[in-house]
>>> print(open('input15.pdb').read())   # PDB, C-alpha atoms and all ligand atoms
MODEL        1
ATOM      1  CA  MET A   1     270.917 154.073 154.086  1.00  0.00           C
ATOM      2  CA  LEU A   2     269.562 157.243 152.529  1.00  0.00           C
ATOM      3  CA  LYS A   3     265.887 157.678 151.746  1.00  0.00           C
ATOM      4  CA  GLY A   4     264.415 159.801 149.011  1.00  0.00           C
ATOM      5  CA  ARG A   5     260.933 160.617 147.792  1.00  0.00           C
ATOM      6  CA  CYS A   6     258.914 162.869 145.556  1.00  0.00           C
ATOM      7  CA  ASP A   7     256.650 165.465 147.119  1.00  0.00           C
ATOM      8  CA  CYS A   8     253.464 163.364 146.999  1.00  0.00           C
ATOM      9  CA  GLY A   9     255.161 160.106 148.015  1.00  0.00           C
ATOM     10  CA  LYS A  10     254.246 158.019 144.972  1.00  0.00           C
ATOM     11  CA  VAL A  11     257.937 157.617 144.246  1.00  0.00           C
ATOM     12  CA  ARG A  12     259.995 156.436 147.233  1.00  0.00           C
ATOM     13  CA  PHE A  13     263.397 154.835 147.226  1.00  0.00           C
ATOM     14  CA  GLU A  14     266.372 153.884 149.362  1.00  0.00           C
ATOM     15  CA  VAL A  15     270.011 153.810 148.417  1.00  0.00           C
ATOM     16  CA  PRO A  16     272.858 152.544 150.634  1.00  0.00           C
ATOM     17  CA  GLU A  17     275.357 155.180 149.569  1.00  0.00           C
ATOM     18  CA  VAL A  18     275.641 158.120 147.207  1.00  0.00           C
ATOM     19  CA  ARG A  19     278.514 160.323 146.014  1.00  0.00           C
ATOM     20  CA  LYS A  20     279.264 162.812 148.814  1.00  0.00           C
ATOM     21  CA  THR A  21     279.399 165.807 146.517  1.00  0.00           C
ATOM     22  CA  VAL A  22     276.502 167.564 144.850  1.00  0.00           C
ATOM     23  CA  THR A  23     276.933 168.857 141.315  1.00  0.00           C
ATOM     24  CA  ILE A  24     274.881 171.909 140.464  1.00  0.00           C
ATOM     25  CA  CYS A  25     273.994 172.223 136.803  1.00  0.00           C
ATOM     26  CA  HIS A  26     273.088 175.641 135.444  1.00  0.00           C
ATOM     27  CA  CYS A  27     272.176 174.609 131.871  1.00  0.00           C
ATOM     28  CA  GLY A  28     268.893 175.793 130.398  1.00  0.00           C
ATOM     29  CA  GLN A  29     267.407 172.310 130.251  1.00  0.00           C
ATOM     30  CA  CYS A  30     268.081 171.661 133.937  1.00  0.00           C
ATOM     31  CA  ARG A  31     266.773 175.068 134.935  1.00  0.00           C
ATOM     32  CA  ARG A  32     263.557 174.616 132.954  1.00  0.00           C
ATOM     33  CA  SER A  33     262.833 171.104 134.165  1.00  0.00           C
ATOM     34  CA  SER A  34     263.701 171.697 137.825  1.00  0.00           C
ATOM     35  CA  GLY A  35     262.561 175.290 138.185  1.00  0.00           C
ATOM     36  CA  HIS A  36     266.052 176.611 138.997  1.00  0.00           C
ATOM     37  CA  THR A  37     269.359 174.722 139.096  1.00  0.00           C
ATOM     38  CA  TRP A  38     269.557 170.931 139.075  1.00  0.00           C
ATOM     39  CA  ALA A  39     271.453 169.789 142.148  1.00  0.00           C
ATOM     40  CA  SER A  40     272.279 166.115 142.114  1.00  0.00           C
ATOM     41  CA  THR A  41     274.378 163.385 143.597  1.00  0.00           C
ATOM     42  CA  HIS A  42     275.059 160.033 141.967  1.00  0.00           C
ATOM     43  CA  ALA A  43     274.831 156.301 142.657  1.00  0.00           C
ATOM     44  CA  PRO A  44     274.994 152.997 140.770  1.00  0.00           C
ATOM     45  CA  PHE A  45     271.494 152.434 139.367  1.00  0.00           C
ATOM     46  CA  GLU A  46     271.265 148.837 140.608  1.00  0.00           C
ATOM     47  CA  GLU A  47     271.774 149.976 144.208  1.00  0.00           C
ATOM     48  CA  LEU A  48     268.577 152.018 144.126  1.00  0.00           C
ATOM     49  CA  GLN A  49     265.683 150.154 145.757  1.00  0.00           C
ATOM     50  CA  PHE A  50     262.239 151.515 145.008  1.00  0.00           C
ATOM     51  CA  THR A  51     259.713 151.223 147.836  1.00  0.00           C
ATOM     52  CA  THR A  52     257.187 152.533 145.345  1.00  0.00           C
ATOM     53  CA  ASP A  53     257.635 153.727 141.793  1.00  0.00           C
ATOM     54  CA  GLU A  54     253.956 154.215 141.009  1.00  0.00           C
ATOM     55  CA  GLY A  55     254.527 157.809 139.925  1.00  0.00           C
ATOM     56  CA  LEU A  56     257.896 157.393 138.224  1.00  0.00           C
ATOM     57  CA  THR A  57     257.927 158.495 134.599  1.00  0.00           C
ATOM     58  CA  TRP A  58     260.872 159.014 132.269  1.00  0.00           C
ATOM     59  CA  TYR A  59     261.194 161.902 129.840  1.00  0.00           C
ATOM     60  CA  GLU A  60     263.705 161.573 127.016  1.00  0.00           C
ATOM     61  CA  SER A  61     265.298 164.971 127.362  1.00  0.00           C
ATOM     62  CA  SER A  62     267.931 164.356 124.676  1.00  0.00           C
ATOM     63  CA  ASP A  63     269.322 161.639 122.418  1.00  0.00           C
ATOM     64  CA  PHE A  64     271.602 160.520 125.225  1.00  0.00           C
ATOM     65  CA  ALA A  65     269.714 160.968 128.499  1.00  0.00           C
ATOM     66  CA  LYS A  66     266.412 160.686 130.337  1.00  0.00           C
ATOM     67  CA  ARG A  67     264.950 162.575 133.262  1.00  0.00           C
ATOM     68  CA  GLY A  68     262.844 160.816 135.865  1.00  0.00           C
ATOM     69  CA  PHE A  69     259.980 162.654 137.529  1.00  0.00           C
ATOM     70  CA  CYS A  70     256.755 161.926 139.386  1.00  0.00           C
ATOM     71  CA  LYS A  71     253.743 162.068 137.093  1.00  0.00           C
ATOM     72  CA  PHE A  72     251.459 162.971 140.014  1.00  0.00           C
ATOM     73  CA  CYS A  73     253.314 165.824 141.710  1.00  0.00           C
ATOM     74  CA  GLY A  74     255.906 166.792 139.086  1.00  0.00           C
ATOM     75  CA  SER A  75     258.965 166.454 141.327  1.00  0.00           C
ATOM     76  CA  SER A  76     262.242 166.254 139.364  1.00  0.00           C
ATOM     77  CA  LEU A  77     264.032 163.211 140.745  1.00  0.00           C
ATOM     78  CA  PHE A  78     266.550 161.560 138.421  1.00  0.00           C
ATOM     79  CA  TYR A  79     268.864 162.068 135.477  1.00  0.00           C
ATOM     80  CA  ARG A  80     270.211 159.070 133.624  1.00  0.00           C
ATOM     81  CA  MET A  81     272.586 158.831 130.661  1.00  0.00           C
ATOM     82  CA  ASN A  82     271.488 156.046 128.316  1.00  0.00           C
ATOM     83  CA  THR A  83     274.955 154.524 128.157  1.00  0.00           C
ATOM     84  CA  GLU A  84     275.811 154.814 131.840  1.00  0.00           C
ATOM     85  CA  ASP A  85     275.211 152.414 134.736  1.00  0.00           C
ATOM     86  CA  GLY A  86     274.860 155.221 137.246  1.00  0.00           C
ATOM     87  CA  ILE A  87     271.995 157.554 138.007  1.00  0.00           C
ATOM     88  CA  GLY A  88     271.891 161.193 139.043  1.00  0.00           C
ATOM     89  CA  ILE A  89     269.642 161.702 142.071  1.00  0.00           C
ATOM     90  CA  ALA A  90     268.159 165.077 143.019  1.00  0.00           C
ATOM     91  CA  ALA A  91     269.797 166.216 146.258  1.00  0.00           C
ATOM     92  CA  GLY A  92     266.582 167.945 147.246  1.00  0.00           C
ATOM     93  CA  CYS A  93     264.547 164.735 147.371  1.00  0.00           C
ATOM     94  CA  LEU A  94     266.805 163.079 149.966  1.00  0.00           C
ATOM     95  CA  GLU A  95     265.912 163.081 153.658  1.00  0.00           C
ATOM     96  CA  SER A  96     268.280 164.932 155.982  1.00  0.00           C
ATOM     97  CA  PRO A  97     270.875 164.426 157.288  1.00  0.00           C
ATOM     98  CA  THR A  98     272.369 163.702 153.868  1.00  0.00           C
ATOM     99  CA  GLY A  99     276.032 164.320 154.736  1.00  0.00           C
ATOM    100  CA  LEU A 100     276.422 165.899 151.296  1.00  0.00           C
ATOM    101  CA  GLU A 101     278.176 169.089 150.264  1.00  0.00           C
ATOM    102  CA  ILE A 102     278.353 171.093 147.067  1.00  0.00           C
ATOM    103  CA  GLY A 103     281.220 169.831 144.902  1.00  0.00           C
ATOM    104  CA  LYS A 104     281.061 171.916 141.744  1.00  0.00           C
ATOM    105  CA  HIS A 105     278.962 174.019 139.405  1.00  0.00           C
ATOM    106  CA  ILE A 106     278.700 172.952 135.761  1.00  0.00           C
ATOM    107  CA  PHE A 107     277.436 174.662 132.595  1.00  0.00           C
ATOM    108  CA  VAL A 108     278.067 177.975 134.294  1.00  0.00           C
ATOM    109  CA  LYS A 109     278.215 179.636 130.838  1.00  0.00           C
ATOM    110  CA  ASP A 110     274.468 178.912 130.486  1.00  0.00           C
ATOM    111  CA  LYS A 111     273.437 180.102 133.929  1.00  0.00           C
ATOM    112  CA  GLY A 112     270.436 182.352 134.408  1.00  0.00           C
ATOM    113  CA  ASP A 113     270.930 186.102 134.636  1.00  0.00           C
ATOM    114  CA  TYR A 114     268.804 186.411 137.756  1.00  0.00           C
ATOM    115  CA  TYR A 115     271.247 185.039 140.348  1.00  0.00           C
ATOM    116  CA  ASP A 116     274.899 184.882 141.342  1.00  0.00           C
ATOM    117  CA  ILE A 117     276.867 181.854 142.476  1.00  0.00           C
ATOM    118  CA  THR A 118     278.039 182.759 145.953  1.00  0.00           C
ATOM    119  CA  ASP A 119     279.727 179.635 147.313  1.00  0.00           C
ATOM    120  CA  ASP A 120     283.380 178.659 146.852  1.00  0.00           C
ATOM    121  CA  ALA A 121     282.847 175.470 144.831  1.00  0.00           C
ATOM    122  CA  PRO A 122     284.644 175.325 141.451  1.00  0.00           C
ATOM    123  CA  GLN A 123     282.747 176.782 138.492  1.00  0.00           C
ATOM    124  CA  ILE A 124     283.107 174.914 135.229  1.00  0.00           C
ATOM    125  CA  GLN A 125     281.950 176.650 132.056  1.00  0.00           C
ATOM    126  CA  LYS A 126     280.696 173.477 130.394  1.00  0.00           C
ATOM    127  CA  PHE A 127     280.902 169.947 131.710  1.00  0.00           C
TER     128      PHE A 127
HETATM  129 ZN    ZN A 201     254.962 162.525 143.504  1.00  0.00          ZN
HETATM  130 ZN    ZN A 202     272.027 170.627 133.095  1.00  0.00          ZN
ENDMDL
END
>>> encode(input="input15.pdb", output="structure tokens", more="lines below")
Ligand SMILES: [Zn+2]
Ligand SMILES: [Zn+2]
Amino acid sequence: MLKGRCDCGKVRFEVPEVRKTVTICHCGQCRRSSGHTWASTHAPFEELQFTTDEGLTWYESSDFAKRGFCKFCGSSLFYRMNTEDGIGIAAGCLESPTGLEIGKHIFVKDKGDYYDITDDAPQIQKF
């Protein structure tokens, strides 16, 4: 069982299992909302058990997806496509040891000009 939380603790959840690879998104929307790149794993939404979701708020970031964050501390936590059963979970909000590793970089064509990608994971220009 993995545990995750926002910084202030007003969103806390458990999930039995997540995808073992982290996808790092370099698109402008992810960089603005997270502060840098959005690094996430994935799980079926119904497997997520919230211990508390007092702070959880959803922002409709596009016609097809929402981003979940804590309204008290601002932590970026989730990404969810409206038509999908799964949910993207911020790798950074999970307690260690996560057992995760970086799987790929996406939207590399939109990456910021202030950093280089220095690991060996595949770099995909779009999705
Ligand atoms: Zn919080
Ligand atoms: Zn993105």
>>> resolve_selection(input="input15.pdb", expression="the PyMOL selection byres (((chain A and resi 89) around 8) and not hetatm)", output="list in words")
Ser40, Thr41, His42, Ala43, Leu77, Phe78, Tyr79, Ile87, Gly88, Ala90, Ala91 and Cys93 of chain A
>>> write_last_selection(input="input15.pdb", atoms="C-alpha atoms", output="PDB file, in the coordinates of the input")
ATOM      1  CA  SER A  40     272.279 166.115 142.114  1.00  0.00           C
ATOM      2  CA  THR A  41     274.378 163.385 143.597  1.00  0.00           C
ATOM      3  CA  HIS A  42     275.059 160.033 141.967  1.00  0.00           C
ATOM      4  CA  ALA A  43     274.831 156.301 142.657  1.00  0.00           C
ATOM      5  CA  LEU A  77     264.032 163.211 140.745  1.00  0.00           C
ATOM      6  CA  PHE A  78     266.550 161.560 138.421  1.00  0.00           C
ATOM      7  CA  TYR A  79     268.864 162.068 135.477  1.00  0.00           C
ATOM      8  CA  ILE A  87     271.995 157.554 138.007  1.00  0.00           C
ATOM      9  CA  GLY A  88     271.891 161.193 139.043  1.00  0.00           C
ATOM     10  CA  ALA A  90     268.159 165.077 143.019  1.00  0.00           C
ATOM     11  CA  ALA A  91     269.797 166.216 146.258  1.00  0.00           C
ATOM     12  CA  CYS A  93     264.547 164.735 147.371  1.00  0.00           C
TER      13      CYS A  93
END
>>> closest_residue(input="input15.pdb", among="A:Phe69, A:Phe107, A:Trp38, A:Tyr59", to="A:Gly92", atoms="only C-alpha atoms")
A:Trp38
>>> closest_atom_pairs(input="input15.pdb", of="chain A", to="ligand ZN 202 (chain A)", cutoff="6 Å", atoms="all atoms listed in the file", output="tab-separated table")
residue	atom	partner	partner_atom	distance
A:Cys25	CA	A:ZN202	ZN	4.5
A:His26	CA	A:ZN202	ZN	5.6
A:Cys27	CA	A:ZN202	ZN	4.2
A:Gln29	CA	A:ZN202	ZN	5.7
A:Cys30	CA	A:ZN202	ZN	4.2
>>> residues_around(input="input15.pdb", residues="A:Leu56", least_positions_apart="4", cutoff="8 Å", atoms="all atoms listed in the file", output="ChimeraX atom specification")
/A:10-11,68-71
>>> atom_distance(input="input15.pdb", atom1="atom CA of A:Asp116", atom2="atom CA of A:Leu100")
21.5 Å
>>> residues_around(input="input15.pdb", residues="A:Asp53", least_positions_apart="2", cutoff="10 Å", atoms="all atoms listed in the file", output="VMD selection string")
chain A and resid 5 to 6 9 to 13 49 to 51 55 to 57 70
>>> decode(input="input15.pdb", residues="stretch 71-84 of chain A", atoms="all heavy atoms", output="PDB file, in the first residue's frame")
ATOM      1  N   LYS A  71      -6.526  23.016  -1.737  1.00  0.00           N
ATOM      2  CA  LYS A  71      -6.881  24.441  -1.697  1.00  0.00           C
ATOM      3  C   LYS A  71      -6.234  25.160  -0.515  1.00  0.00           C
ATOM      4  O   LYS A  71      -6.231  26.387  -0.461  1.00  0.00           O
ATOM      5  CB  LYS A  71      -8.388  24.623  -1.655  1.00  0.00           C
ATOM      6  CG  LYS A  71      -9.056  24.182  -0.374  1.00  0.00           C
ATOM      7  CD  LYS A  71     -10.557  24.415  -0.464  1.00  0.00           C
ATOM      8  CE  LYS A  71     -11.261  23.837   0.755  1.00  0.00           C
ATOM      9  NZ  LYS A  71     -12.710  23.870   0.615  1.00  0.00           N
ATOM     10  N   PHE A  72      -5.690  24.419   0.439  1.00  0.00           N
ATOM     11  CA  PHE A  72      -5.034  25.059   1.584  1.00  0.00           C
ATOM     12  C   PHE A  72      -3.555  25.309   1.333  1.00  0.00           C
ATOM     13  O   PHE A  72      -3.058  26.378   1.620  1.00  0.00           O
ATOM     14  CB  PHE A  72      -5.215  24.205   2.849  1.00  0.00           C
ATOM     15  CG  PHE A  72      -6.655  24.101   3.277  1.00  0.00           C
ATOM     16  CD1 PHE A  72      -7.371  22.944   3.044  1.00  0.00           C
ATOM     17  CD2 PHE A  72      -7.295  25.175   3.884  1.00  0.00           C
ATOM     18  CE1 PHE A  72      -8.709  22.842   3.416  1.00  0.00           C
ATOM     19  CE2 PHE A  72      -8.629  25.090   4.257  1.00  0.00           C
ATOM     20  CZ  PHE A  72      -9.337  23.920   4.019  1.00  0.00           C
ATOM     21  N   CYS A  73      -2.847  24.315   0.805  1.00  0.00           N
ATOM     22  CA  CYS A  73      -1.396  24.469   0.651  1.00  0.00           C
ATOM     23  C   CYS A  73      -0.948  24.593  -0.803  1.00  0.00           C
ATOM     24  O   CYS A  73       0.202  24.912  -1.067  1.00  0.00           O
ATOM     25  CB  CYS A  73      -0.661  23.324   1.342  1.00  0.00           C
ATOM     26  SG  CYS A  73      -0.905  21.731   0.546  1.00  0.00           S
ATOM     27  N   GLY A  74      -1.856  24.315  -1.759  1.00  0.00           N
ATOM     28  CA  GLY A  74      -1.512  24.491  -3.160  1.00  0.00           C
ATOM     29  C   GLY A  74      -0.779  23.334  -3.811  1.00  0.00           C
ATOM     30  O   GLY A  74      -0.399  23.425  -4.974  1.00  0.00           O
ATOM     31  N   SER A  75      -0.573  22.245  -3.090  1.00  0.00           N
ATOM     32  CA  SER A  75       0.144  21.103  -3.682  1.00  0.00           C
ATOM     33  C   SER A  75      -0.586  20.577  -4.916  1.00  0.00           C
ATOM     34  O   SER A  75      -1.793  20.355  -4.879  1.00  0.00           O
ATOM     35  CB  SER A  75       0.252  19.950  -2.676  1.00  0.00           C
ATOM     36  OG  SER A  75       0.950  20.338  -1.527  1.00  0.00           O
ATOM     37  N   SER A  76       0.160  20.350  -5.996  1.00  0.00           N
ATOM     38  CA  SER A  76      -0.387  19.707  -7.203  1.00  0.00           C
ATOM     39  C   SER A  76      -0.401  18.209  -6.964  1.00  0.00           C
ATOM     40  O   SER A  76       0.649  17.624  -6.679  1.00  0.00           O
ATOM     41  CB  SER A  76       0.504  19.982  -8.410  1.00  0.00           C
ATOM     42  OG  SER A  76       0.578  21.349  -8.661  1.00  0.00           O
ATOM     43  N   LEU A  77      -1.549  17.578  -7.073  1.00  0.00           N
ATOM     44  CA  LEU A  77      -1.655  16.173  -6.678  1.00  0.00           C
ATOM     45  C   LEU A  77      -2.094  15.231  -7.794  1.00  0.00           C
ATOM     46  O   LEU A  77      -1.554  14.138  -7.919  1.00  0.00           O
ATOM     47  CB  LEU A  77      -2.652  16.048  -5.513  1.00  0.00           C
ATOM     48  CG  LEU A  77      -2.289  16.834  -4.256  1.00  0.00           C
ATOM     49  CD1 LEU A  77      -3.480  16.884  -3.305  1.00  0.00           C
ATOM     50  CD2 LEU A  77      -1.095  16.202  -3.564  1.00  0.00           C
ATOM     51  N   PHE A  78      -3.092  15.642  -8.586  1.00  0.00           N
ATOM     52  CA  PHE A  78      -3.716  14.701  -9.517  1.00  0.00           C
ATOM     53  C   PHE A  78      -3.962  15.328 -10.880  1.00  0.00           C
ATOM     54  O   PHE A  78      -4.123  16.548 -11.004  1.00  0.00           O
ATOM     55  CB  PHE A  78      -5.073  14.232  -8.972  1.00  0.00           C
ATOM     56  CG  PHE A  78      -5.016  13.623  -7.608  1.00  0.00           C
ATOM     57  CD1 PHE A  78      -5.648  14.232  -6.536  1.00  0.00           C
ATOM     58  CD2 PHE A  78      -4.330  12.441  -7.389  1.00  0.00           C
ATOM     59  CE1 PHE A  78      -5.608  13.674  -5.263  1.00  0.00           C
ATOM     60  CE2 PHE A  78      -4.278  11.867  -6.124  1.00  0.00           C
ATOM     61  CZ  PHE A  78      -4.922  12.490  -5.065  1.00  0.00           C
ATOM     62  N   TYR A  79      -4.039  14.445 -11.870  1.00  0.00           N
ATOM     63  CA  TYR A  79      -4.441  14.828 -13.224  1.00  0.00           C
ATOM     64  C   TYR A  79      -5.423  13.773 -13.690  1.00  0.00           C
ATOM     65  O   TYR A  79      -5.140  12.579 -13.595  1.00  0.00           O
ATOM     66  CB  TYR A  79      -3.225  14.855 -14.148  1.00  0.00           C
ATOM     67  CG  TYR A  79      -3.554  15.203 -15.580  1.00  0.00           C
ATOM     68  CD1 TYR A  79      -3.653  16.533 -15.980  1.00  0.00           C
ATOM     69  CD2 TYR A  79      -3.750  14.205 -16.533  1.00  0.00           C
ATOM     70  CE1 TYR A  79      -3.952  16.855 -17.293  1.00  0.00           C
ATOM     71  CE2 TYR A  79      -4.058  14.525 -17.852  1.00  0.00           C
ATOM     72  CZ  TYR A  79      -4.151  15.861 -18.223  1.00  0.00           C
ATOM     73  OH  TYR A  79      -4.447  16.176 -19.521  1.00  0.00           O
ATOM     74  N   ARG A  80      -6.577  14.200 -14.163  1.00  0.00           N
ATOM     75  CA  ARG A  80      -7.574  13.213 -14.567  1.00  0.00           C
ATOM     76  C   ARG A  80      -8.242  13.607 -15.869  1.00  0.00           C
ATOM     77  O   ARG A  80      -8.808  14.697 -15.992  1.00  0.00           O
ATOM     78  CB  ARG A  80      -8.632  13.095 -13.467  1.00  0.00           C
ATOM     79  CG  ARG A  80      -9.499  11.898 -13.689  1.00  0.00           C
ATOM     80  CD  ARG A  80     -10.275  11.512 -12.468  1.00  0.00           C
ATOM     81  NE  ARG A  80     -10.895  10.232 -12.774  1.00  0.00           N
ATOM     82  CZ  ARG A  80     -12.055   9.822 -12.333  1.00  0.00           C
ATOM     83  NH1 ARG A  80     -12.739  10.560 -11.500  1.00  0.00           N
ATOM     84  NH2 ARG A  80     -12.539   8.653 -12.701  1.00  0.00           N
ATOM     85  N   MET A  81      -8.181  12.711 -16.866  1.00  0.00           N
ATOM     86  CA  MET A  81      -8.894  12.907 -18.124  1.00  0.00           C
ATOM     87  C   MET A  81     -10.373  12.638 -17.871  1.00  0.00           C
ATOM     88  O   MET A  81     -10.713  11.666 -17.199  1.00  0.00           O
ATOM     89  CB  MET A  81      -8.392  11.935 -19.188  1.00  0.00           C
ATOM     90  CG  MET A  81      -6.886  11.912 -19.359  1.00  0.00           C
ATOM     91  SD  MET A  81      -6.288  13.114 -20.541  1.00  0.00           S
ATOM     92  CE  MET A  81      -6.376  12.147 -22.022  1.00  0.00           C
ATOM     93  N   ASN A  82     -11.234  13.472 -18.427  1.00  0.00           N
ATOM     94  CA  ASN A  82     -12.672  13.331 -18.165  1.00  0.00           C
ATOM     95  C   ASN A  82     -13.236  11.998 -18.630  1.00  0.00           C
ATOM     96  O   ASN A  82     -14.202  11.505 -18.059  1.00  0.00           O
ATOM     97  CB  ASN A  82     -13.440  14.463 -18.839  1.00  0.00           C
ATOM     98  CG  ASN A  82     -13.051  15.811 -18.271  1.00  0.00           C
ATOM     99  OD1 ASN A  82     -12.571  15.900 -17.141  1.00  0.00           O
ATOM    100  ND2 ASN A  82     -13.243  16.872 -19.042  1.00  0.00           N
ATOM    101  N   THR A  83     -12.647  11.428 -19.668  1.00  0.00           N
ATOM    102  CA  THR A  83     -13.212  10.212 -20.248  1.00  0.00           C
ATOM    103  C   THR A  83     -12.476   8.954 -19.788  1.00  0.00           C
ATOM    104  O   THR A  83     -12.723   7.875 -20.298  1.00  0.00           O
ATOM    105  CB  THR A  83     -13.124  10.269 -21.782  1.00  0.00           C
ATOM    106  OG1 THR A  83     -11.755  10.491 -22.135  1.00  0.00           O
ATOM    107  CG2 THR A  83     -13.978  11.377 -22.338  1.00  0.00           C
ATOM    108  N   GLU A  84     -11.585   9.093 -18.829  1.00  0.00           N
ATOM    109  CA  GLU A  84     -10.736   7.966 -18.457  1.00  0.00           C
ATOM    110  C   GLU A  84     -11.059   7.501 -17.034  1.00  0.00           C
ATOM    111  O   GLU A  84     -11.374   8.310 -16.170  1.00  0.00           O
ATOM    112  CB  GLU A  84      -9.281   8.433 -18.527  1.00  0.00           C
ATOM    113  CG  GLU A  84      -8.279   7.319 -18.552  1.00  0.00           C
ATOM    114  CD  GLU A  84      -6.872   7.848 -18.289  1.00  0.00           C
ATOM    115  OE1 GLU A  84      -6.720   8.847 -17.568  1.00  0.00           O
ATOM    116  OE2 GLU A  84      -5.934   7.236 -18.777  1.00  0.00           O
TER     117      GLU A  84
END
